[in-house]
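Participant: My questions all concern the structure below.
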Amino acid sequence: MQTQRSLFLQHVAQTSDFPLCLEIEKAEGMYMYGVDGKKYMDLISGISVSNLGHRHPNVINAVKEQLEKYTYLMVYGEFVQSPQVKLAQLLTQQLPSSLNSCYFVNSGSEANEGAMKLAKRYTGRREIISFKNAYHGSTQGCLSIIGSDEFKKPFEPLLPDITQLEFNNESDLAAISTKTACVIVEPIMGEAGVIAPTNHFLQKLRNRCTETGTLLIFDEIQTGFGRTGKLFAFEHFGVVPDIITLAKAMGGGFPIGAFISSIEIMSSLKTNPILGHITTFGGHPISCAAAFSNLHTLLTNKELINTVTTKEQLFKKLLVHTKIKEVRSFGLLLAVEFDSFETNKAIIDRCIENGVLTDWFLFNDKSLRIAPPLIITENEIETACKVILEAI
């Protein structure tokens with residue numbers, strides 16, 4: 001009889017020649033459990049997805065309640081569906097007044113695809129500007145704007161009229177012109193290895209976009225929903241984008257994303273052509289119910305976000321070793337840098353053997369990723385750091 005592992009390798013499409021192949025039977029809170037009973041602390045939240053931990057009871061209850069009412073009804077935007085309406089209202093109440101219209105999709109890539117289309121449609125321009133070492137998704141449109149030639153070249157030709165700038169390089173902002181439809185940027189660069197803006201860079205970027213009539217898109221797919229110590233990362237910088245994209249932690253473990261803008265900008269998708277952007281499963285009632293409960297839980301348990309900075313500092317206090325070159329952080333998104341990928345990979349493998357799941361960053365493979373659920377306790381931080389230091 002074939003094992004689950006062999007069937008996985010035979011029938012489930014692989015994305016590398018070395019998948020982790022952990023066979024998880026259940027997950028709860030901070031932990032995942034293998035079929036052999038082994039317990040793993042999830043130090044990366046499924047790549048910044050499970051901000052409330054696995055199977056948060058509020059999210060599970062919301063899903064069960066919605067299952068008793070209806071699952072799928074109709075393509076997005078045709079029926080008045082209570083889970084969508086409630087979620088859109090709660091989301092926009094937490095955002096600046098100019099971000100008052102939500103378009104729900106299924107993932108972060110879809111959110112960025114929709115945002116790019118919206119910017120081109122509203123401005124009538126073609127050029128899109130992004131940043132080197134940025135990650136925005138793997139669909140062909142998103143692949144066109146990510147900051148890694150290694151990932152892009154095998155799939156060319158991609159979208160035309162894409163320009164890439166250096167993050168935190170003020171002089172590069174002169175490239176933004178009246179031909180630019182939008183600039184898309186991560187307020188804190190994730191897959192580059194946690195790179196924060198310096199010298200008021202985001203404010204200067206906002207000013208240049210305003211001068212040229214260019215829409216500014218903030219990709220908050222990895223930084224949203226409390227990870228940085230505020231509900232959204234842009235709140236740290238006093239800069240409001242024209243469009244914000246969300247996903248990952250939005251759904252409490254269920255698939256959902258969104259691009260959010262003003263009613264004026266979003267309305268440009270309604271005509272010329274009609275149905276300028278459509279999706280079958282975007283805003284699925286189950287995912288919307290989960291996302292509403294996820295956000296409501298964050299808002300009513302403010303200590304989850306308010307304690308992020310304290311937990312960040314504890315990680316940085318404990319992660320001290322001669323082999324650690326640097327620890328970069330912004331809230332509970334940390335990058336622990338070593339001298340090479342080989343060193344980092346060996347440490348990651350040892351951590352997993354010892355029951356702590358972590359990994360590296362896509363465009364910074366010599367840095368170890370730490371992005372735990374916000375529910376992590378100080379004792380669990382101490383345990384995780386002890387395992388990491390022992391692995392080093």
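Just so we're on the same page: first chain in the structure tokens is A, next is B, and so on; residues restart at 1 for each chain, and ligands are numbered from 1 in the order they show up.
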Using only C-alpha atoms, which protein or nucleic acid residues come within 9 Å of Cys21 in chain A? Drop anything in the same chain fewer than 4 positions from it, and give the result as a VMD selection string.
Facilitator: chain A and resid 5 8 to 9
Participant: Please list as an MDAnalysis selection string every residue within 12 Å of Thr223 in chain A, counting only C-alpha atoms and excluding residues in the same chain fewer than 6 positions away.
Facilitator: chainID A and resid 47:49 51 108 185:191 194:196 229:236 244:250 329:334 371
Participant: If we count only C-alpha atoms, what is near Gly253 in chain A at a cut-off of 10 Å, once residues fewer than 6 positions away on the same chain are taken out, given as a PyMOL selection string?
Facilitator: chain A and resi 45-46+49-56+59-60+287+290-291+294
Participant: Nearest to Ser340 in chain A: which of A:Glu353, A:Glu326, A:Asp36, A:Asp365 is it, counting only C-alpha atoms?
Facilitator: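 Using only C-alpha atoms, the shortest distance to Ser340 in chain A belongs to A:Asp365.
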Participant: For Leu357 in chain A, list every protein, DNA or RNA residue within 9 Å, evaluated using only C-alpha atoms, and leave out those in the same chain fewer than 2 positions away; present the list as an NGL selection string.
Facilitator: :A and (40-44 or 348-349 or 351-355 or 359)
Participant: Provide the CA of Pro96 in chain A to CA of Ile278 in chain A distance in Å, to one decimal place.
Facilitator: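 Result for CA of Pro96 in chain A versus CA of Ile278 in chain A: 25.5 Å, one decimal.
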Participant: For Gln4 in chain A, which residue among A:Glu264, A:Glu25, A:Asp17, A:Glu220 is the nearest when counting only C-alpha atoms?
Facilitator: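 Residue with the minimum atom-to-atom distance to Gln4 in chain A: A:Glu25.
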Participant: Smallest atom-to-atom distance to Val75 in chain A: which of A:Asn301, A:Thr309, A:Ser6, A:Thr279, using only C-alpha atoms?
Facilitator: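 Checking each candidate against Val75 in chain A, we get A:Thr279 as the closest.
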Participant: List every residue of range 179-291 of chain A that DSSP, applied to the backbone of this structure, places in strand (DSSP E or B), and write the result as a PyMOL selection string.
Facilitator: chain A and resi 180-185+189+195+215-219+243-246+257-261
Participant: Could you save those same residues with N, CA and C atoms as a compact mmCIF listing (two decimals), in the first residue's frame?
Facilitator:
# COMPACT_ATOMS: atom_id res chain seq x y z
N THR A 180 3.25 57.25 -16.02
CA THR A 180 3.19 56.14 -15.06
C THR A 180 1.78 55.97 -14.52
N ALA A 181 1.21 54.79 -14.73
CA ALA A 181 -0.13 54.50 -14.20
C ALA A 181 -0.09 54.33 -12.70
N CYS A 182 0.90 53.58 -12.21
CA CYS A 182 0.96 53.31 -10.77
C CYS A 182 2.36 52.92 -10.36
N VAL A 183 2.62 53.11 -9.09
CA VAL A 183 3.81 52.57 -8.43
C VAL A 183 3.31 51.61 -7.37
N ILE A 184 3.80 50.38 -7.40
CA ILE A 184 3.41 49.39 -6.40
C ILE A 184 4.61 49.10 -5.51
N VAL A 185 4.38 49.13 -4.20
CA VAL A 185 5.48 49.00 -3.26
C VAL A 185 5.00 48.30 -1.98
N MET A 189 9.60 45.77 2.93
CA MET A 189 9.87 44.72 1.95
C MET A 189 10.04 43.39 2.67
N ILE A 195 13.15 44.73 4.88
CA ILE A 195 13.82 46.01 4.62
C ILE A 195 12.81 47.12 4.83
N LEU A 215 -1.02 56.70 -9.47
CA LEU A 215 -1.63 56.03 -8.32
C LEU A 215 -0.57 55.26 -7.54
N LEU A 216 -0.63 55.37 -6.23
CA LEU A 216 0.29 54.66 -5.34
C LEU A 216 -0.42 53.46 -4.74
N ILE A 217 0.16 52.29 -4.98
CA ILE A 217 -0.39 51.03 -4.46
C ILE A 217 0.51 50.51 -3.35
N PHE A 218 -0.04 50.28 -2.18
CA PHE A 218 0.69 49.61 -1.11
C PHE A 218 0.29 48.14 -1.07
N ASP A 219 1.26 47.28 -1.27
CA ASP A 219 1.06 45.83 -1.14
C ASP A 219 1.28 45.48 0.33
N ILE A 243 -4.46 52.86 -3.49
CA ILE A 243 -4.98 51.49 -3.50
C ILE A 243 -4.16 50.69 -2.50
N ILE A 244 -4.82 49.82 -1.75
CA ILE A 244 -4.12 48.90 -0.86
C ILE A 244 -4.54 47.49 -1.22
N THR A 245 -3.57 46.56 -1.21
CA THR A 245 -3.88 45.16 -1.48
C THR A 245 -3.62 44.33 -0.23
N LEU A 246 -4.53 43.40 0.02
CA LEU A 246 -4.51 42.58 1.23
C LEU A 246 -4.73 41.11 0.87
N GLY A 257 -8.56 37.61 -0.57
CA GLY A 257 -7.73 38.79 -0.73
C GLY A 257 -8.62 39.95 -1.11
N ALA A 258 -8.05 41.12 -1.23
CA ALA A 258 -8.84 42.29 -1.62
C ALA A 258 -7.93 43.38 -2.16
N PHE A 259 -8.44 44.16 -3.12
CA PHE A 259 -7.83 45.45 -3.41
C PHE A 259 -8.88 46.50 -3.10
N ILE A 260 -8.43 47.55 -2.44
CA ILE A 260 -9.33 48.55 -1.87
C ILE A 260 -8.89 49.93 -2.34
N SER A 261 -9.85 50.73 -2.79
CA SER A 261 -9.57 52.07 -3.26
C SER A 261 -10.77 52.96 -2.97
Participant: Go through A:Val12, A:Lys132, A:Gly283, A:Leu314 and flag the residue nearest Glu150 in chain A, using only C-alpha atoms for the distances.
Facilitator: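 The shortest atom-to-atom distance to Glu150 in chain A comes from A:Lys132.
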Participant: What separation in Å, quoted to one decimal, exists between CA of Thr139 in chain A and CA of Gly114 in chain A?
Facilitator: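 Going from CA of Thr139 in chain A over to CA of Gly114 in chain A, I get 11.7 Å.
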Participant: Quick one: pull the distance between CA of Asn133 in chain A and CA of Ile145 in chain A, Å, one decimal.
Facilitator: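 Separation of CA of Asn133 in chain A and CA of Ile145 in chain A: 9.9 Å.
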Participant: Please list as a PyMOL selection string every residue within 12 Å of Asp149 in chain A, counting only C-alpha atoms and excluding residues in the same chain fewer than 6 positions away.
Facilitator: chain A and resi 132-135+143+155-156+158+164+363
Participant: Please return, as a list in words, all residues of range 158-297 of chain A that DSSP assigns to alpha helix (DSSP H) on the basis of the backbone.
Facilitator: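 Residues of range 158-297 of chain A classed as alpha helix (DSSP H): Phe201, Leu202, Gln203, Lys204, Leu205, Arg206, Asn207, Arg208, Cys209, Thr210, Glu211, Thr212, Ile263, Glu264, Ile265, Met266, Pro285, Ile286, Ser287, Cys288, Ala289, Ala290, Ala291, Phe292, Ser293, Asn294, Leu295, His296 and Thr297 of chain A.
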Participant: Would you output that residue set with C-alpha atoms, as a short mmCIF file (atom, residue, chain, number, x, y, z; two decimals), in the first residue's frame?
Facilitator:
data_model
loop_
_atom_site.label_atom_id
_atom_site.label_comp_id
_atom_site.auth_asym_id
_atom_site.auth_seq_id
_atom_site.Cartn_x
_atom_site.Cartn_y
_atom_site.Cartn_z
CA PHE A 201 11.19 57.45 1.60
CA LEU A 202 7.49 56.57 1.50
CA GLN A 203 6.47 60.18 2.07
CA LYS A 204 8.74 61.27 -0.80
CA LEU A 205 7.29 58.51 -2.97
CA ARG A 206 3.76 59.67 -2.12
CA ASN A 207 4.65 63.26 -3.02
CA ARG A 208 6.13 62.27 -6.38
CA CYS A 209 3.07 60.16 -7.25
CA THR A 210 0.77 63.05 -6.36
CA GLU A 211 2.81 65.46 -8.50
CA THR A 212 2.53 63.22 -11.57
CA ILE A 263 -15.44 54.58 -4.99
CA GLU A 264 -14.40 57.03 -7.71
CA ILE A 265 -11.36 55.02 -8.78
CA MET A 266 -13.05 51.63 -8.37
CA PRO A 285 -19.20 33.71 1.75
CA ILE A 286 -17.26 31.22 3.86
CA SER A 287 -13.99 33.11 3.45
CA CYS A 288 -15.71 36.45 4.10
CA ALA A 289 -17.29 35.11 7.29
CA ALA A 290 -13.88 33.85 8.41
CA ALA A 291 -12.21 37.16 7.52
CA PHE A 292 -14.83 39.19 9.38
CA SER A 293 -14.34 37.09 12.52
CA ASN A 294 -10.56 37.26 12.13
CA LEU A 295 -10.59 41.08 11.93
CA HIS A 296 -13.20 41.45 14.67
CA THR A 297 -11.07 39.28 16.95
#
Participant: Choose the residue, out of A:Ser367, A:Ser82, A:Asn106, A:Ser101, that has the smallest atom-to-atom separation from Phe254 in chain A; count only C-alpha atoms.
Facilitator: A:Asn106
Participant: Any chance you could tabulate, as CSV, the residues of range 251-337 of chain A at most 12 Å from range 372-390 of chain A with each one's nearest atom pair and distance in Å to one decimal, using only C-alpha atoms, in chain and rising number order?
Facilitator:
residue,atom,partner,partner_atom,distance
A:Gly252,CA,A:Pro373,CA,10.7
A:Gly253,CA,A:Pro373,CA,11.6
A:Thr297,CA,A:Ile375,CA,11.8
A:Leu298,CA,A:Leu374,CA,9.7
A:Asn301,CA,A:Ile375,CA,10.5
A:Lys302,CA,A:Leu374,CA,11.0
A:Glu303,CA,A:Ile375,CA,9.5
A:Leu304,CA,A:Leu374,CA,5.9
A:Ile305,CA,A:Leu374,CA,7.2
A:Asn306,CA,A:Leu374,CA,10.0
A:Thr307,CA,A:Leu374,CA,8.5
A:Val308,CA,A:Leu374,CA,6.9
A:Thr309,CA,A:Leu374,CA,10.6
A:Thr310,CA,A:Glu378,CA,9.2
A:Lys311,CA,A:Glu378,CA,6.9
A:Glu312,CA,A:Ile381,CA,9.4
A:Gln313,CA,A:Ile381,CA,10.6
A:Leu314,CA,A:Ile381,CA,7.5
A:Phe315,CA,A:Ile381,CA,6.7
A:Lys316,CA,A:Cys385,CA,9.5
A:Lys317,CA,A:Cys385,CA,9.8
A:Leu318,CA,A:Cys385,CA,6.5
A:Leu319,CA,A:Cys385,CA,6.3
A:Val320,CA,A:Leu389,CA,8.2
A:His321,CA,A:Leu389,CA,7.4
A:Thr322,CA,A:Leu389,CA,10.5
A:Lys323,CA,A:Leu389,CA,9.8
A:Ile324,CA,A:Leu389,CA,9.7
A:Gly331,CA,A:Leu374,CA,9.8
A:Leu332,CA,A:Pro372,CA,6.7
A:Leu333,CA,A:Pro372,CA,7.9
A:Leu334,CA,A:Pro372,CA,9.5
A:Val336,CA,A:Ile388,CA,10.2
Participant: For Asn272 in chain A, work out the shell of residues within 10 Å, counting only C-alpha atoms and skipping chain neighbours fewer than 4 positions away, then give it as a ChimeraX atom specification.
Facilitator: /A:121,268,276
Participant: For the residues in that selection, give me C-alpha atoms as an mmCIF file, in the first residue's frame.
Facilitator:
data_model
loop_
_atom_site.group_PDB
_atom_site.id
_atom_site.type_symbol
_atom_site.label_atom_id
_atom_site.label_comp_id
_atom_site.auth_asym_id
_atom_site.auth_seq_id
_atom_site.Cartn_x
_atom_site.Cartn_y
_atom_site.Cartn_z
ATOM 1 C CA ARG A 121 -7.997 51.670 -16.436
ATOM 2 C CA SER A 268 -13.790 52.873 -13.545
ATOM 3 C CA GLY A 276 -13.944 45.277 -16.328
#
